[in-house]
Every structure is written in structure tokens, then in C-alpha cells.
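Participant: Provided below: model.cif, containing mmCIF, N, CA and C atoms.
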data_model
#
loop_
_atom_site.label_atom_id
_atom_site.label_comp_id
_atom_site.auth_asym_id
_atom_site.auth_seq_id
_atom_site.Cartn_x
_atom_site.Cartn_y
_atom_site.Cartn_z
N MET J 118 70.07 90.72 113.12
CA MET J 118 70.79 91.30 112.01
C MET J 118 70.18 92.65 111.64
N GLU J 119 71.03 93.65 111.45
CA GLU J 119 70.58 94.99 111.11
C GLU J 119 70.26 95.09 109.62
N ILE J 120 69.12 95.67 109.30
CA ILE J 120 68.72 95.85 107.91
C ILE J 120 69.30 97.15 107.39
N LYS J 121 69.98 97.07 106.24
CA LYS J 121 70.56 98.25 105.63
C LYS J 121 70.07 98.36 104.20
N PRO J 122 69.10 99.26 103.96
CA PRO J 122 68.58 99.40 102.60
C PRO J 122 69.63 99.98 101.65
N THR J 123 69.56 99.55 100.40
CA THR J 123 70.43 100.11 99.37
C THR J 123 69.90 101.49 98.98
N GLU J 124 70.66 102.20 98.17
CA GLU J 124 70.24 103.52 97.70
C GLU J 124 68.91 103.43 96.93
N SER J 125 68.79 102.44 96.07
CA SER J 125 67.54 102.27 95.31
C SER J 125 66.37 101.93 96.23
N GLU J 126 66.62 101.12 97.23
CA GLU J 126 65.57 100.78 98.19
C GLU J 126 65.15 102.01 98.99
N LEU J 127 66.11 102.87 99.33
CA LEU J 127 65.77 104.11 100.03
C LEU J 127 64.92 105.03 99.17
N GLU J 128 65.18 105.07 97.87
CA GLU J 128 64.36 105.87 96.97
C GLU J 128 62.91 105.37 96.97
N ILE J 129 62.75 104.06 96.96
CA ILE J 129 61.41 103.47 97.01
C ILE J 129 60.75 103.77 98.36
N LEU J 130 61.52 103.62 99.44
CA LEU J 130 60.98 103.92 100.76
C LEU J 130 60.54 105.38 100.87
N GLN J 131 61.28 106.29 100.25
CA GLN J 131 60.90 107.71 100.28
C GLN J 131 59.48 107.89 99.72
N VAL J 132 59.20 107.20 98.64
CA VAL J 132 57.87 107.29 98.02
C VAL J 132 56.81 106.71 98.97
N ILE J 133 57.10 105.56 99.55
CA ILE J 133 56.14 104.91 100.44
C ILE J 133 55.93 105.76 101.70
N TRP J 134 57.01 106.31 102.26
CA TRP J 134 56.87 107.16 103.44
C TRP J 134 55.98 108.37 103.14
N LYS J 135 56.16 108.92 101.96
CA LYS J 135 55.39 110.11 101.56
C LYS J 135 53.90 109.78 101.40
N LYS J 136 53.61 108.64 100.80
CA LYS J 136 52.22 108.27 100.49
C LYS J 136 51.56 107.42 101.58
N GLY J 137 52.34 106.81 102.44
CA GLY J 137 51.79 105.95 103.48
C GLY J 137 51.73 104.49 103.06
N GLN J 138 51.12 104.24 101.93
CA GLN J 138 51.08 102.90 101.34
C GLN J 138 50.82 103.08 99.86
N CYS J 139 51.34 102.17 99.06
CA CYS J 139 51.12 102.30 97.62
C CYS J 139 51.43 101.01 96.88
N THR J 140 50.98 100.99 95.65
CA THR J 140 51.21 99.85 94.78
C THR J 140 52.56 100.03 94.08
N VAL J 141 53.01 98.97 93.42
CA VAL J 141 54.24 99.04 92.64
C VAL J 141 54.09 100.10 91.55
N ARG J 142 52.94 100.15 90.91
CA ARG J 142 52.69 101.13 89.85
C ARG J 142 52.84 102.56 90.37
N GLU J 143 52.28 102.83 91.54
CA GLU J 143 52.39 104.18 92.12
C GLU J 143 53.84 104.54 92.42
N VAL J 144 54.58 103.59 92.97
CA VAL J 144 56.01 103.83 93.25
C VAL J 144 56.76 104.05 91.95
N HIS J 145 56.52 103.17 90.98
CA HIS J 145 57.20 103.28 89.70
C HIS J 145 56.92 104.64 89.03
N ASP J 146 55.66 105.05 89.01
CA ASP J 146 55.30 106.33 88.38
C ASP J 146 56.00 107.50 89.05
N GLU J 147 56.12 107.44 90.36
CA GLU J 147 56.80 108.51 91.10
C GLU J 147 58.30 108.52 90.80
N LEU J 148 58.91 107.34 90.79
CA LEU J 148 60.34 107.25 90.49
C LEU J 148 60.66 107.66 89.06
N ALA J 149 59.75 107.35 88.14
CA ALA J 149 59.96 107.64 86.72
C ALA J 149 60.00 109.14 86.44
N LYS J 150 59.53 109.95 87.36
CA LYS J 150 59.60 111.40 87.19
C LYS J 150 61.04 111.91 87.22
N ASN J 151 61.92 111.18 87.90
CA ASN J 151 63.30 111.64 88.09
C ASN J 151 64.37 110.72 87.52
N LYS J 152 64.00 109.49 87.20
CA LYS J 152 65.01 108.56 86.69
C LYS J 152 64.38 107.54 85.77
N ASP J 153 65.20 106.96 84.96
CA ASP J 153 64.74 105.95 84.01
C ASP J 153 64.82 104.59 84.69
N ALA J 154 63.66 104.10 85.09
CA ALA J 154 63.61 102.79 85.75
C ALA J 154 62.45 102.00 85.17
N GLY J 155 62.69 100.75 84.86
CA GLY J 155 61.64 99.91 84.32
C GLY J 155 60.69 99.44 85.41
N TYR J 156 59.46 99.21 85.04
CA TYR J 156 58.45 98.73 85.99
C TYR J 156 58.88 97.41 86.63
N THR J 157 59.40 96.50 85.82
CA THR J 157 59.79 95.19 86.37
C THR J 157 60.95 95.32 87.35
N THR J 158 61.82 96.31 87.14
CA THR J 158 62.92 96.56 88.08
C THR J 158 62.36 97.02 89.42
N THR J 159 61.40 97.95 89.36
CA THR J 159 60.75 98.44 90.58
C THR J 159 60.05 97.29 91.30
N LEU J 160 59.33 96.47 90.55
CA LEU J 160 58.63 95.32 91.11
C LEU J 160 59.61 94.38 91.81
N LYS J 161 60.70 94.05 91.14
CA LYS J 161 61.68 93.12 91.70
C LYS J 161 62.31 93.69 92.97
N LEU J 162 62.64 94.98 92.93
CA LEU J 162 63.23 95.62 94.13
C LEU J 162 62.25 95.57 95.30
N MET J 163 60.98 95.83 95.02
CA MET J 163 59.99 95.82 96.10
C MET J 163 59.77 94.40 96.63
N GLN J 164 59.89 93.39 95.77
CA GLN J 164 59.80 92.00 96.24
C GLN J 164 60.99 91.67 97.14
N ILE J 165 62.17 92.12 96.75
CA ILE J 165 63.37 91.92 97.58
C ILE J 165 63.21 92.64 98.92
N MET J 166 62.69 93.87 98.86
CA MET J 166 62.47 94.65 100.09
C MET J 166 61.50 93.93 101.02
N HIS J 167 60.51 93.28 100.45
CA HIS J 167 59.56 92.50 101.25
C HIS J 167 60.29 91.33 101.92
N ASP J 168 61.11 90.64 101.15
CA ASP J 168 61.87 89.50 101.69
C ASP J 168 62.84 89.94 102.80
N LYS J 169 63.39 91.14 102.67
CA LYS J 169 64.34 91.67 103.67
C LYS J 169 63.63 92.22 104.90
N GLY J 170 62.31 92.41 104.83
CA GLY J 170 61.57 92.96 105.97
C GLY J 170 61.51 94.48 105.98
N LEU J 171 61.81 95.11 104.86
CA LEU J 171 61.73 96.58 104.77
C LEU J 171 60.30 97.06 104.56
N VAL J 172 59.51 96.25 103.89
CA VAL J 172 58.10 96.59 103.61
C VAL J 172 57.23 95.36 103.87
N GLU J 173 55.95 95.63 104.10
CA GLU J 173 54.98 94.54 104.16
C GLU J 173 54.06 94.69 102.97
N ARG J 174 53.48 93.58 102.57
CA ARG J 174 52.66 93.55 101.36
C ARG J 174 51.28 92.99 101.69
N ASP J 175 50.25 93.76 101.32
CA ASP J 175 48.87 93.30 101.48
C ASP J 175 48.46 92.63 100.17
N THR J 176 48.22 91.35 100.22
CA THR J 176 47.90 90.58 99.02
C THR J 176 46.43 90.20 98.93
N THR J 177 45.59 90.88 99.71
CA THR J 177 44.17 90.51 99.73
C THR J 177 43.43 90.91 98.45
N SER J 178 43.97 91.87 97.71
CA SER J 178 43.34 92.24 96.44
C SER J 178 44.31 91.89 95.29
N LYS J 179 43.81 92.02 94.07
CA LYS J 179 44.62 91.69 92.90
C LYS J 179 45.89 92.55 92.84
N THR J 180 45.74 93.83 93.15
CA THR J 180 46.88 94.74 93.17
C THR J 180 47.45 94.78 94.58
N HIS J 181 48.68 94.36 94.74
CA HIS J 181 49.31 94.33 96.05
C HIS J 181 49.64 95.74 96.51
N VAL J 182 49.41 95.99 97.78
CA VAL J 182 49.68 97.30 98.37
C VAL J 182 50.82 97.13 99.38
N TYR J 183 51.81 98.01 99.28
CA TYR J 183 53.00 97.94 100.13
C TYR J 183 52.98 99.05 101.17
N LYS J 184 53.49 98.72 102.36
CA LYS J 184 53.61 99.68 103.44
C LYS J 184 55.00 99.50 104.06
N ALA J 185 55.62 100.59 104.46
CA ALA J 185 56.97 100.53 105.01
C ALA J 185 56.98 99.92 106.41
N LEU J 186 57.91 99.03 106.65
CA LEU J 186 58.20 98.53 107.99
C LEU J 186 59.44 99.21 108.55
N PHE J 187 60.30 99.64 107.65
CA PHE J 187 61.54 100.35 108.00
C PHE J 187 61.20 101.83 108.00
N THR J 188 61.39 102.50 109.13
CA THR J 188 60.96 103.89 109.26
C THR J 188 62.00 104.88 108.76
N MET J 189 61.54 106.09 108.49
CA MET J 189 62.44 107.16 108.09
C MET J 189 63.46 107.43 109.20
N GLU J 190 63.03 107.35 110.44
CA GLU J 190 63.92 107.58 111.57
C GLU J 190 65.03 106.53 111.61
N GLN J 191 64.69 105.27 111.29
CA GLN J 191 65.71 104.22 111.24
C GLN J 191 66.72 104.51 110.13
N ALA J 192 66.23 104.94 108.99
CA ALA J 192 67.12 105.25 107.86
C ALA J 192 68.04 106.41 108.20
N GLN J 193 67.48 107.45 108.82
CA GLN J 193 68.29 108.60 109.20
C GLN J 193 69.33 108.21 110.23
N SER J 194 68.94 107.41 111.19
CA SER J 194 69.86 106.97 112.24
C SER J 194 71.01 106.13 111.65
N ASN J 195 70.68 105.21 110.75
CA ASN J 195 71.70 104.38 110.11
C ASN J 195 72.68 105.23 109.30
N ALA J 196 72.13 106.17 108.52
CA ALA J 196 72.98 107.02 107.69
C ALA J 196 73.88 107.90 108.57
N LEU J 197 73.31 108.46 109.62
CA LEU J 197 74.08 109.31 110.51
C LEU J 197 75.18 108.53 111.22
N ASP J 198 74.84 107.34 111.69
CA ASP J 198 75.85 106.50 112.35
C ASP J 198 77.01 106.19 111.41
N LYS J 199 76.68 105.88 110.16
CA LYS J 199 77.72 105.55 109.19
C LYS J 199 78.61 106.77 108.90
N ILE J 200 77.99 107.91 108.66
CA ILE J 200 78.75 109.14 108.38
C ILE J 200 79.58 109.53 109.59
N LEU J 201 78.98 109.47 110.77
CA LEU J 201 79.68 109.85 112.00
C LEU J 201 80.92 108.98 112.21
N SER J 202 80.78 107.68 112.02
CA SER J 202 81.91 106.80 112.28
C SER J 202 82.96 106.82 111.17
N THR J 203 82.54 106.94 109.92
CA THR J 203 83.51 106.85 108.83
C THR J 203 84.11 108.19 108.42
N VAL J 204 83.29 109.22 108.35
CA VAL J 204 83.77 110.52 107.87
C VAL J 204 84.28 111.39 109.01
N PHE J 205 83.60 111.36 110.15
CA PHE J 205 83.95 112.25 111.26
C PHE J 205 84.64 111.52 112.41
N LYS J 206 85.00 110.27 112.20
CA LYS J 206 85.73 109.47 113.19
C LYS J 206 85.13 109.56 114.58
N GLY J 207 83.78 109.58 114.63
CA GLY J 207 83.08 109.57 115.91
C GLY J 207 82.87 110.93 116.55
N SER J 208 83.33 112.00 115.93
CA SER J 208 83.22 113.33 116.53
C SER J 208 81.88 113.99 116.18
N THR J 209 80.98 113.98 117.15
CA THR J 209 79.67 114.60 116.96
C THR J 209 79.81 116.11 116.74
N SER J 210 80.71 116.73 117.50
CA SER J 210 80.87 118.19 117.36
C SER J 210 81.35 118.56 115.96
N ASN J 211 82.29 117.81 115.40
CA ASN J 211 82.76 118.10 114.05
C ASN J 211 81.63 117.94 113.02
N LEU J 212 80.80 116.93 113.20
CA LEU J 212 79.67 116.71 112.30
C LEU J 212 78.71 117.90 112.36
N VAL J 213 78.35 118.33 113.56
CA VAL J 213 77.40 119.44 113.72
C VAL J 213 77.99 120.74 113.18
N ILE J 214 79.24 121.00 113.49
CA ILE J 214 79.90 122.22 113.00
C ILE J 214 79.94 122.22 111.48
N GLN J 215 80.29 121.10 110.89
CA GLN J 215 80.33 121.00 109.43
C GLN J 215 78.95 121.20 108.83
N ALA J 216 77.94 120.56 109.43
CA ALA J 216 76.57 120.68 108.91
C ALA J 216 76.08 122.12 108.98
N LEU J 217 76.31 122.77 110.10
CA LEU J 217 75.85 124.15 110.25
C LEU J 217 76.69 125.12 109.44
N GLY J 218 77.96 124.81 109.25
CA GLY J 218 78.84 125.69 108.48
C GLY J 218 78.61 125.61 106.98
N GLN J 219 78.19 124.47 106.50
CA GLN J 219 78.02 124.25 105.06
C GLN J 219 76.62 124.55 104.56
N HIS J 220 75.64 124.45 105.44
CA HIS J 220 74.25 124.59 105.02
C HIS J 220 73.57 125.66 105.86
N ARG J 221 72.93 126.57 105.21
CA ARG J 221 72.26 127.68 105.88
C ARG J 221 71.01 127.16 106.61
N ALA J 222 71.04 127.22 107.93
CA ALA J 222 69.89 126.81 108.73
C ALA J 222 68.97 128.00 108.92
N SER J 223 67.68 127.73 108.89
CA SER J 223 66.70 128.80 109.11
C SER J 223 66.69 129.18 110.58
N LYS J 224 66.08 130.32 110.90
CA LYS J 224 65.96 130.75 112.28
C LYS J 224 65.21 129.70 113.10
N ASP J 225 64.14 129.14 112.52
CA ASP J 225 63.38 128.10 113.22
C ASP J 225 64.24 126.87 113.51
N GLU J 226 65.08 126.49 112.55
CA GLU J 226 65.96 125.34 112.76
C GLU J 226 66.98 125.63 113.86
N ILE J 227 67.56 126.83 113.84
CA ILE J 227 68.53 127.22 114.88
C ILE J 227 67.84 127.23 116.25
N ASP J 228 66.63 127.78 116.31
CA ASP J 228 65.88 127.79 117.58
C ASP J 228 65.61 126.36 118.06
N ALA J 229 65.25 125.47 117.15
CA ALA J 229 64.99 124.08 117.52
C ALA J 229 66.27 123.42 118.04
N ILE J 230 67.40 123.71 117.41
CA ILE J 230 68.69 123.16 117.85
C ILE J 230 69.03 123.68 119.24
N LYS J 231 68.84 124.99 119.46
CA LYS J 231 69.11 125.59 120.77
C LYS J 231 68.22 124.96 121.84
N ASN J 232 66.94 124.80 121.54
CA ASN J 232 66.03 124.18 122.50
C ASN J 232 66.44 122.76 122.82
N PHE J 233 66.85 122.01 121.79
CA PHE J 233 67.30 120.64 122.01
C PHE J 233 68.54 120.62 122.91
N LEU J 234 69.51 121.50 122.62
CA LEU J 234 70.73 121.54 123.42
C LEU J 234 70.44 121.96 124.86
N ASN J 235 69.54 122.93 125.04
CA ASN J 235 69.16 123.34 126.40
C ASN J 235 68.52 122.18 127.15
N GLN J 236 67.63 121.44 126.49
CA GLN J 236 66.99 120.29 127.11
C GLN J 236 68.02 119.20 127.41
N PHE J 237 68.91 118.98 126.46
CA PHE J 237 69.98 117.98 126.63
C PHE J 237 70.84 118.35 127.83
N ASP J 238 71.18 119.64 127.97
CA ASP J 238 71.99 120.13 129.07
C ASP J 238 71.26 119.94 130.40
N GLN J 239 69.95 120.20 130.44
CA GLN J 239 69.15 120.04 131.65
C GLN J 239 69.10 118.56 132.06
N ASP J 240 68.99 117.68 131.07
CA ASP J 240 68.92 116.24 131.36
C ASP J 240 70.24 115.72 131.95
N LYS J 241 71.35 116.37 131.61
CA LYS J 241 72.67 115.94 132.09
C LYS J 241 72.91 116.35 133.55
N LYS J 242 72.15 117.35 134.03
CA LYS J 242 72.37 117.86 135.40
C LYS J 242 71.70 117.00 136.43
#
Mind converting the file's structure to C-alpha cells?

Facilitator:
Amino acid sequence: MEIKPTESELEILQVIWKKGQCTVREVHDELAKNKDAGYTTTLKLMQIMHDKGLVERDTTSKTHVYKALFTMEQAQSNALDKILSTVFKGSTSNLVIQALGQHRASKDEIDAIKNFLNQFDQDKK
């Protein structure tokens, strides 16, 4: 079964990915900078995330420490697959054209895209 984090779970994962591992308090304090969320809500969400296999919990000390099991790459891949299939009806070229047309890419980003496409083209030969 594929794990699909909710929007709130992704917000929590963003904090954990950034810090590597953290307590509920650390996640809550970070989230509280941008939104009104109660500590017990954060705790409950993180317990659910543990049950779903999104995070692991170290219970060896009084304060439990959480670490992500679901990677940023998995989240990006899931989101991209969903957008590609639902919004762009499977058209990768339309997705890329829209992304590049709507958002200003830096020279470094354009160079990275060109290098990727060149490598992709070489692999196809």
C-alpha cells in the first residue's frame, strides 16, 4: 500500500527533513511560527504518522525523538505524479513548459535542466 501524507503531515515532515530528527515540541514550535496549531494536535498527528510508517520514534529517553522514514524525494514524486496525471493528463512536456513559463528559473537551474536533458538524450541512444 502506498503511503500518502496529508498536507498537515507534509508540513511536519518539512520540519523533520530540515532538522534531521526532532521532538514534538521542536516541530510544534517551528509550525507555530506560521500557523495556529495546538501542541496536542501536533502530538496526535505525529503519533498517527508513526502508525502510518511516515516517521520512526526513539522512545529510549523521556522525550521521544522522531525521524522521517518518508523521504522528501518520495513526497516530491507522489505530488508530481498526481499533478501530472490529474492536471496535465500525463503530458510531461506540458508540465515542464508550464513550470518554466510561469516561474522564473535561474541560469543555474536552466543549466542543470539542459545538462539533465543532454544526459537523458545520451542514455536514449

Participant: Using the chain letters and numbering of this document, enumerate as a PDB file with N, CA and C atoms, in the coordinates of the input the residues selected by the PyMOL selection byres ((chain J and resi 178-182) around 7).

Facilitator:
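Dumped everything to result-v9.pdb:
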ATOM      1  N   GLN J 138      51.120 104.240 101.930  1.00  0.00           N
ATOM      2  CA  GLN J 138      51.080 102.900 101.340  1.00  0.00           C
ATOM      3  C   GLN J 138      50.820 103.080  99.860  1.00  0.00           C
ATOM      4  N   CYS J 139      51.340 102.170  99.060  1.00  0.00           N
ATOM      5  CA  CYS J 139      51.120 102.300  97.620  1.00  0.00           C
ATOM      6  C   CYS J 139      51.430 101.010  96.880  1.00  0.00           C
ATOM      7  N   THR J 140      50.980 100.990  95.650  1.00  0.00           N
ATOM      8  CA  THR J 140      51.210  99.850  94.780  1.00  0.00           C
ATOM      9  C   THR J 140      52.560 100.030  94.080  1.00  0.00           C
ATOM     10  N   VAL J 141      53.010  98.970  93.420  1.00  0.00           N
ATOM     11  CA  VAL J 141      54.240  99.040  92.640  1.00  0.00           C
ATOM     12  C   VAL J 141      54.090 100.100  91.550  1.00  0.00           C
ATOM     13  N   GLU J 173      55.950  95.630 104.100  1.00  0.00           N
ATOM     14  CA  GLU J 173      54.980  94.540 104.160  1.00  0.00           C
ATOM     15  C   GLU J 173      54.060  94.690 102.970  1.00  0.00           C
ATOM     16  N   ARG J 174      53.480  93.580 102.570  1.00  0.00           N
ATOM     17  CA  ARG J 174      52.660  93.550 101.360  1.00  0.00           C
ATOM     18  C   ARG J 174      51.280  92.990 101.690  1.00  0.00           C
ATOM     19  N   ASP J 175      50.250  93.760 101.320  1.00  0.00           N
ATOM     20  CA  ASP J 175      48.870  93.300 101.480  1.00  0.00           C
ATOM     21  C   ASP J 175      48.460  92.630 100.170  1.00  0.00           C
ATOM     22  N   THR J 176      48.220  91.350 100.220  1.00  0.00           N
ATOM     23  CA  THR J 176      47.900  90.580  99.020  1.00  0.00           C
ATOM     24  C   THR J 176      46.430  90.200  98.930  1.00  0.00           C
ATOM     25  N   THR J 177      45.590  90.880  99.710  1.00  0.00           N
ATOM     26  CA  THR J 177      44.170  90.510  99.730  1.00  0.00           C
ATOM     27  C   THR J 177      43.430  90.910  98.450  1.00  0.00           C
ATOM     28  N   TYR J 183      51.810  98.010  99.280  1.00  0.00           N
ATOM     29  CA  TYR J 183      53.000  97.940 100.130  1.00  0.00           C
ATOM     30  C   TYR J 183      52.980  99.050 101.170  1.00  0.00           C
ATOM     31  N   LYS J 184      53.490  98.720 102.360  1.00  0.00           N
ATOM     32  CA  LYS J 184      53.610  99.680 103.440  1.00  0.00           C
ATOM     33  C   LYS J 184      55.000  99.500 104.060  1.00  0.00           C
TER      34      LYS J 184
END

Participant: The PyMOL selection byres (((chain J and resi 172 and name CA) around 6) and name CA) on the file shown: which residues, as number ranges by chain?

Facilitator: J: 166-167, 170-171, 173, 184-186

Participant: Could you please determine the separation between CA of Arg142 in chain J and CA of Thr188 in chain J in Å, to one decimal place?

Facilitator: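 These two atoms are separated by 21.3 Å.
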
Participant: Go ahead and compute the interatomic distance for CA of Lys199 in chain J and CA of Asp238 in chain J, in Å to one decimal.

Facilitator: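 Distance reported for this atom pair: 25.3 Å.
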
Participant: What gap, in Å, lies between CA of Glu190 in chain J and CA of Trp134 in chain J?

Facilitator: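 Result for CA of Glu190 in chain J versus CA of Trp134 in chain J: 10.8 Å, one decimal.
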
Participant: Generate N, CA, C and O atoms for range 171-188 of chain J and emit them as a JSON list (two decimals), in the coordinates of the input.

Facilitator:
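In the end it all went to rebuild24.json:
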[["chain", "number", "residue", "atom", "x", "y", "z"],
["J", 171, "LEU", "N", 61.81, 95.11, 104.86],
["J", 171, "LEU", "CA", 61.73, 96.58, 104.77],
["J", 171, "LEU", "C", 60.30, 97.06, 104.56],
["J", 171, "LEU", "O", 59.94, 98.17, 104.98],
["J", 172, "VAL", "N", 59.51, 96.25, 103.89],
["J", 172, "VAL", "CA", 58.10, 96.59, 103.61],
["J", 172, "VAL", "C", 57.23, 95.36, 103.87],
["J", 172, "VAL", "O", 57.71, 94.24, 103.86],
["J", 173, "GLU", "N", 55.95, 95.63, 104.10],
["J", 173, "GLU", "CA", 54.98, 94.54, 104.16],
["J", 173, "GLU", "C", 54.06, 94.69, 102.97],
["J", 173, "GLU", "O", 53.88, 95.79, 102.44],
["J", 174, "ARG", "N", 53.48, 93.58, 102.57],
["J", 174, "ARG", "CA", 52.66, 93.55, 101.36],
["J", 174, "ARG", "C", 51.28, 92.99, 101.69],
["J", 174, "ARG", "O", 51.17, 91.91, 102.26],
["J", 175, "ASP", "N", 50.25, 93.76, 101.32],
["J", 175, "ASP", "CA", 48.87, 93.30, 101.48],
["J", 175, "ASP", "C", 48.46, 92.63, 100.17],
["J", 175, "ASP", "O", 48.37, 93.29, 99.13],
["J", 176, "THR", "N", 48.22, 91.35, 100.22],
["J", 176, "THR", "CA", 47.90, 90.58, 99.02],
["J", 176, "THR", "C", 46.43, 90.20, 98.93],
["J", 176, "THR", "O", 46.06, 89.33, 98.15],
["J", 177, "THR", "N", 45.59, 90.88, 99.71],
["J", 177, "THR", "CA", 44.17, 90.51, 99.73],
["J", 177, "THR", "C", 43.43, 90.91, 98.45],
["J", 177, "THR", "O", 42.39, 90.34, 98.14],
["J", 178, "SER", "N", 43.97, 91.87, 97.71],
["J", 178, "SER", "CA", 43.34, 92.24, 96.44],
["J", 178, "SER", "C", 44.31, 91.89, 95.29],
["J", 178, "SER", "O", 45.46, 91.53, 95.51],
["J", 179, "LYS", "N", 43.81, 92.02, 94.07],
["J", 179, "LYS", "CA", 44.62, 91.69, 92.90],
["J", 179, "LYS", "C", 45.89, 92.55, 92.84],
["J", 179, "LYS", "O", 46.97, 92.05, 92.54],
["J", 180, "THR", "N", 45.74, 93.83, 93.15],
["J", 180, "THR", "CA", 46.88, 94.74, 93.17],
["J", 180, "THR", "C", 47.45, 94.78, 94.58],
["J", 180, "THR", "O", 46.76, 95.18, 95.52],
["J", 181, "HIS", "N", 48.68, 94.36, 94.74],
["J", 181, "HIS", "CA", 49.31, 94.33, 96.05],
["J", 181, "HIS", "C", 49.64, 95.74, 96.51],
["J", 181, "HIS", "O", 50.11, 96.56, 95.73],
["J", 182, "VAL", "N", 49.41, 95.99, 97.78],
["J", 182, "VAL", "CA", 49.68, 97.30, 98.37],
["J", 182, "VAL", "C", 50.82, 97.13, 99.38],
["J", 182, "VAL", "O", 50.78, 96.23, 100.23],
["J", 183, "TYR", "N", 51.81, 98.01, 99.28],
["J", 183, "TYR", "CA", 53.00, 97.94, 100.13],
["J", 183, "TYR", "C", 52.98, 99.05, 101.17],
["J", 183, "TYR", "O", 52.56, 100.17, 100.88],
["J", 184, "LYS", "N", 53.49, 98.72, 102.36],
["J", 184, "LYS", "CA", 53.61, 99.68, 103.44],
["J", 184, "LYS", "C", 55.00, 99.50, 104.06],
["J", 184, "LYS", "O", 55.50, 98.37, 104.17],
["J", 185, "ALA", "N", 55.62, 100.59, 104.46],
["J", 185, "ALA", "CA", 56.97, 100.53, 105.01],
["J", 185, "ALA", "C", 56.98, 99.92, 106.41],
["J", 185, "ALA", "O", 56.14, 100.26, 107.24],
["J", 186, "LEU", "N", 57.91, 99.03, 106.65],
["J", 186, "LEU", "CA", 58.20, 98.53, 107.99],
["J", 186, "LEU", "C", 59.44, 99.21, 108.55],
["J", 186, "LEU", "O", 59.61, 99.31, 109.76],
["J", 187, "PHE", "N", 60.30, 99.64, 107.65],
["J", 187, "PHE", "CA", 61.54, 100.35, 108.00],
["J", 187, "PHE", "C", 61.20, 101.83, 108.00],
["J", 187, "PHE", "O", 60.75, 102.37, 107.00],
["J", 188, "THR", "N", 61.39, 102.50, 109.13],
["J", 188, "THR", "CA", 60.96, 103.89, 109.26],
["J", 188, "THR", "C", 62.00, 104.88, 108.76],
["J", 188, "THR", "O", 63.19, 104.55, 108.64]]
